[in-house]
>>> print(open('input-v5.txt').read())   # compact mmCIF, C-alpha atoms
# COMPACT_ATOMS: atom_id res chain seq x y z
CA TRP A 16 -24.00 -3.31 22.60
CA SER A 17 -26.81 -2.42 20.30
CA SER A 18 -28.06 -5.62 18.76
CA ALA A 19 -30.42 -5.04 15.84
CA ASN A 20 -28.76 -5.65 12.48
CA MET A 21 -25.26 -4.58 13.52
CA SER A 22 -26.36 -1.14 14.65
CA PHE A 23 -23.41 -0.08 16.78
CA THR A 24 -23.09 3.45 18.13
CA ALA A 25 -20.14 5.56 17.02
CA GLN A 26 -18.53 5.05 20.45
CA GLU A 27 -19.00 1.27 20.29
CA MET A 28 -17.41 1.22 16.82
CA LYS A 29 -14.48 3.28 18.09
CA ASP A 30 -14.01 0.99 21.11
CA LEU A 31 -14.21 -2.13 18.96
CA ARG A 32 -11.67 -0.63 16.55
CA VAL A 33 -9.23 0.06 19.41
CA VAL A 34 -9.36 -3.59 20.50
CA PHE A 35 -9.07 -4.81 16.89
CA ASP A 36 -6.08 -2.53 16.24
CA VAL A 37 -4.18 -4.01 19.19
CA TYR A 38 -3.97 -7.22 17.13
CA ASP A 39 -3.42 -5.39 13.82
CA PRO A 40 -0.36 -3.26 14.56
CA SER A 41 0.59 -3.08 10.87
CA LYS A 42 -2.88 -1.65 10.08
CA SER A 43 -3.45 -4.26 7.35
CA GLY A 44 -7.16 -4.38 8.15
CA PHE A 45 -6.97 -8.08 9.01
CA ILE A 46 -6.17 -10.21 12.02
CA THR A 47 -5.54 -13.93 12.34
CA ILE A 48 -8.26 -16.37 13.32
CA GLY A 49 -6.39 -17.00 16.61
CA ASP A 50 -6.45 -13.29 17.35
CA VAL A 51 -10.20 -13.15 16.71
CA ARG A 52 -10.74 -15.40 19.73
CA LYS A 53 -8.49 -13.10 21.81
CA VAL A 54 -10.45 -10.03 20.68
CA LEU A 55 -13.75 -11.70 21.50
CA LYS A 56 -12.43 -12.73 24.92
CA ILE A 57 -11.28 -9.18 25.68
CA LEU A 58 -14.77 -8.01 24.74
CA GLY A 59 -16.24 -10.46 27.25
CA PHE A 60 -17.53 -13.15 24.92
CA LYS A 61 -17.05 -16.84 25.59
CA CYS A 62 -16.63 -18.41 22.20
CA SER A 63 -15.27 -21.92 21.73
CA ARG A 64 -13.02 -22.71 18.80
CA GLN A 65 -15.81 -24.83 17.34
CA ARG A 66 -18.42 -22.07 17.66
CA LEU A 67 -16.06 -19.61 15.96
CA LYS A 68 -15.37 -22.13 13.17
CA ASP A 69 -19.13 -22.65 12.71
CA MET A 70 -19.79 -18.90 12.53
CA MET A 71 -16.95 -18.48 10.04
CA LYS A 72 -18.25 -21.34 7.91
CA ASP A 73 -21.81 -19.93 7.98
CA GLU A 74 -20.55 -16.56 6.76
CA ASP A 75 -17.76 -17.95 4.51
CA ILE A 76 -15.21 -15.92 6.48
CA GLY A 77 -11.53 -16.48 7.07
CA THR A 78 -10.90 -18.90 4.24
CA GLU A 79 -7.45 -17.32 3.79
CA GLY A 80 -6.74 -17.45 7.53
CA LEU A 81 -7.45 -13.75 8.02
CA VAL A 82 -10.48 -11.91 9.35
CA SER A 83 -11.45 -8.27 8.67
CA PHE A 84 -12.77 -5.70 11.12
CA MET A 85 -16.23 -6.00 9.53
CA ASN A 86 -16.11 -9.77 10.09
CA VAL A 87 -15.30 -9.19 13.77
CA LEU A 88 -18.31 -6.86 13.97
CA GLN A 89 -20.45 -9.67 12.52
CA PHE A 90 -19.17 -12.07 15.20
CA VAL A 91 -19.81 -9.55 17.98
CA ASN A 92 -23.31 -8.99 16.62
CA GLN A 93 -24.00 -12.75 16.60
CA LEU A 94 -22.57 -13.31 20.06
CA GLN A 95 -23.85 -10.29 21.93
CA ASP A 96 -27.27 -11.61 22.82
CA SER A 97 -26.21 -15.09 23.89
CA ASP A 98 -22.75 -14.88 25.44
CA TYR A 99 -22.30 -11.30 26.53
CA ASP A 100 -20.88 -11.03 30.04
CA LEU A 101 -20.63 -7.38 31.06
CA TYR A 102 -18.55 -7.95 34.17
CA GLU A 103 -16.12 -10.24 32.38
CA GLU A 104 -15.77 -7.71 29.55
CA MET A 105 -14.84 -4.98 31.99
CA GLU A 106 -12.42 -7.26 33.83
CA GLN A 107 -10.72 -8.17 30.54
CA ALA A 108 -10.45 -4.48 29.61
CA PHE A 109 -8.94 -3.76 33.04
CA LYS A 110 -6.35 -6.53 32.56
CA LEU A 111 -5.49 -5.22 29.10
CA ILE A 112 -4.75 -1.75 30.53
CA ASP A 113 -3.00 -3.02 33.69
CA ILE A 114 0.32 -3.45 31.86
CA ASP A 115 2.40 -4.32 34.94
CA GLN A 116 -0.32 -6.73 36.19
CA ASP A 117 -0.31 -5.29 39.72
CA LYS A 118 -4.13 -5.30 39.88
CA GLN A 119 -4.38 -1.51 39.70
CA ILE A 120 -4.23 0.96 36.85
CA SER A 121 -1.75 3.82 37.05
CA THR A 122 -1.15 6.79 34.77
CA ASP A 123 1.86 4.87 33.44
CA ASP A 124 -0.34 1.86 32.55
CA ILE A 125 -2.74 4.07 30.58
CA HIS A 126 0.12 5.91 28.88
CA LYS A 127 1.73 2.61 27.76
CA THR A 128 -1.62 1.17 26.60
CA CYS A 129 -2.36 4.29 24.55
CA LYS A 130 1.13 4.23 23.03
CA HIS A 131 0.69 0.53 22.16
CA VAL A 132 -2.55 1.16 20.27
CA GLY A 133 -1.40 4.44 18.72
CA MET A 134 -3.75 6.66 20.70
CA LYS A 135 -2.39 10.05 21.73
CA LEU A 136 -3.54 11.37 25.10
CA SER A 137 -1.85 14.12 27.06
CA ARG A 138 -0.51 13.47 30.55
CA ALA A 139 -3.26 15.82 31.82
CA ASP A 140 -5.97 13.77 30.05
CA ILE A 141 -4.62 10.56 31.56
CA GLU A 142 -4.39 12.08 35.03
CA GLY A 143 -7.98 13.31 34.61
CA MET A 144 -9.11 9.78 33.77
CA ILE A 145 -7.41 8.41 36.89
CA GLU A 146 -8.83 11.21 39.03
CA GLU A 147 -12.36 10.55 37.78
CA ALA A 148 -12.21 6.83 38.60
CA ASP A 149 -10.07 6.99 41.76
CA VAL A 150 -12.66 6.98 44.53
CA ASN A 151 -10.32 6.25 47.46
CA GLY A 152 -7.77 8.91 46.43
CA ASP A 153 -4.70 6.67 46.23
CA GLY A 154 -3.83 7.82 42.70
CA LEU A 155 -4.56 4.37 41.26
CA VAL A 156 -7.65 2.67 39.89
CA SER A 157 -8.66 -0.69 41.35
CA LEU A 158 -10.77 -3.21 39.45
CA GLN A 159 -13.89 -2.18 41.39
CA GLU A 160 -13.26 1.52 40.77
CA PHE A 161 -12.72 0.72 37.08
CA ILE A 162 -15.97 -1.27 36.86
CA ASP A 163 -17.96 1.42 38.70
CA THR A 164 -16.59 4.08 36.32
CA MET A 165 -17.12 1.99 33.18
CA LYS A 166 -20.74 1.28 34.14
CA LYS A 167 -21.37 5.02 33.76
CA THR A 168 -20.14 5.09 30.14
CA PRO A 169 -22.35 4.57 27.05
CA LEU A 170 -20.41 1.44 26.08
CA PHE A 171 -21.59 -0.48 29.14
CA SER A 172 -24.93 1.12 29.92
>>> encode(input="input-v5.txt", output="structure tokens")
Amino acid sequence: WSSANMSFTAQEMKDLRVVFDVYDPSKSGFITIGDVRKVLKILGFKCSRQRLKDMMKDEDIGTEGLVSFMNVLQFVNQLQDSDYDLYEEMEQAFKLIDIDQDKQISTDDIHKTCKHVGMKLSRADIEGMIEEADVNGDGLVSLQEFIDTMKKTPLFS
């Protein structure tokens, strides 16, 4: 993540929005405080309840029990330098996509994940993603293949 004064790239913003939207299916623009911790965990941040409460108090956020996307960006910005764990972030992303929890990502897993977050990708696009990451040619993406592929993207470089 870019760190200076919440300067996220367009791709980082898009990726953060996808994760946020998983917990905001009604598109209200807000998620619950409990979901904020889940979002942060998916993004690879270790944030205790107390630390989150302290950050919210410092910024006067969440007084109604809801947190906006911009608030989540503030939290990510505060946490990125101290608690960012790249490997854990990628592992959490892998688990989020691995719908059937069989420790490998299939075209079906990606299709279901995209449908869940309202992202439209063609079958050909999904197959292309699998093909790009599938080093051993078994038609599936293992955690290691996923990590190796993700390390080549702007989000994790």
>>> closest_atom_pairs(input="input-v5.txt", of="range 89-140 of chain A", to="range 39-43 of chain A", cutoff="12 Å", atoms="all atoms listed in the file", output="JSON lines")
{"residue": "A:Lys130", "atom": "CA", "partner": "A:Pro40", "partner_atom": "CA", "distance": 11.4}
{"residue": "A:His131", "atom": "CA", "partner": "A:Pro40", "partner_atom": "CA", "distance": 8.6}
{"residue": "A:Val132", "atom": "CA", "partner": "A:Pro40", "partner_atom": "CA", "distance": 7.5}
{"residue": "A:Gly133", "atom": "CA", "partner": "A:Pro40", "partner_atom": "CA", "distance": 8.8}
>>> write_last_selection(input="input-v5.txt", atoms="C-alpha atoms", output="mmCIF file, in the frame of the given file")
data_model
loop_
_atom_site.group_PDB
_atom_site.id
_atom_site.type_symbol
_atom_site.label_atom_id
_atom_site.label_comp_id
_atom_site.auth_asym_id
_atom_site.auth_seq_id
_atom_site.Cartn_x
_atom_site.Cartn_y
_atom_site.Cartn_z
ATOM 1 C CA LYS A 130 1.130 4.230 23.030
ATOM 2 C CA HIS A 131 0.690 0.530 22.160
ATOM 3 C CA VAL A 132 -2.550 1.160 20.270
ATOM 4 C CA GLY A 133 -1.400 4.440 18.720
#
>>> closest_residue(input="input-v5.txt", among="A:Asp153, A:Lys53, A:Ser22, A:Lys135", to="Phe35 in chain A", atoms="all atoms listed in the file")
A:Lys53
>>> residues_around(input="input-v5.txt", residues="Val33 in chain A", least_positions_apart="3", cutoff="10 Å", atoms="all atoms listed in the file", output="PyMOL selection string")
chain A and resi 27-30+36-39+129+132-134
>>> atom_distance(input="input-v5.txt", atom1="CA of Leu155 in chain A", atom2="CA of Thr128 in chain A")
15.3 Å
>>> atom_distance(input="input-v5.txt", atom1="CA of Ser63 in chain A", atom2="CA of Gln116 in chain A")
25.8 Å
>>> residues_around(input="input-v5.txt", residues="Gln107 in chain A", least_positions_apart="5", cutoff="9 Å", atoms="all atoms listed in the file", output="list of chain:residue names")
A:Lys56, A:Ile57, A:Leu58, A:Gly59, A:Tyr102, A:Ile112
>>> axis_aligned_box(input="input-v5.txt", around="range 146-153 of chain A", padding_each_side="8 Å", output="AutoDock Vina command-line options")
--center_x -8.7 --center_y 8.7 --center_z 42.6 --size_x 24.0 --size_y 21.0 --size_z 25.7
>>> closest_residue(input="input-v5.txt", among="A:Glu79, A:Glu104, A:Asp123, A:Asp149", to="Val34 in chain A", atoms="all atoms listed in the file")
A:Glu104
>>> residues_around(input="input-v5.txt", residues="Val87 in chain A", least_positions_apart="5", cutoff="9 Å", atoms="all atoms listed in the file", output="count of residues only")
7
>>> residues_near_point(input="input-v5.txt", point="(-18.2, 8.6, 34.7)", cutoff="12 Å", atoms="all atoms listed in the file", output="ChimeraX atom specification")
/A:143-150,160-172
>>> closest_residue(input="input-v5.txt", among="A:Arg32, A:Glu103, A:Leu158, A:Gly44", to="Leu88 in chain A", atoms="all atoms listed in the file")
A:Arg32
>>> closest_residue(input="input-v5.txt", among="A:Val156, A:Cys62, A:Met71, A:Ala25", to="Ser83 in chain A", atoms="only C-alpha atoms")
A:Met71
>>> atom_distance(input="input-v5.txt", atom1="CA of His126 in chain A", atom2="CA of Met85 in chain A")
28.0 Å
>>> closest_residue(input="input-v5.txt", among="A:Arg52, A:Lys118, A:Arg138, A:Arg66", to="Glu106 in chain A", atoms="all atoms listed in the file")
A:Lys118
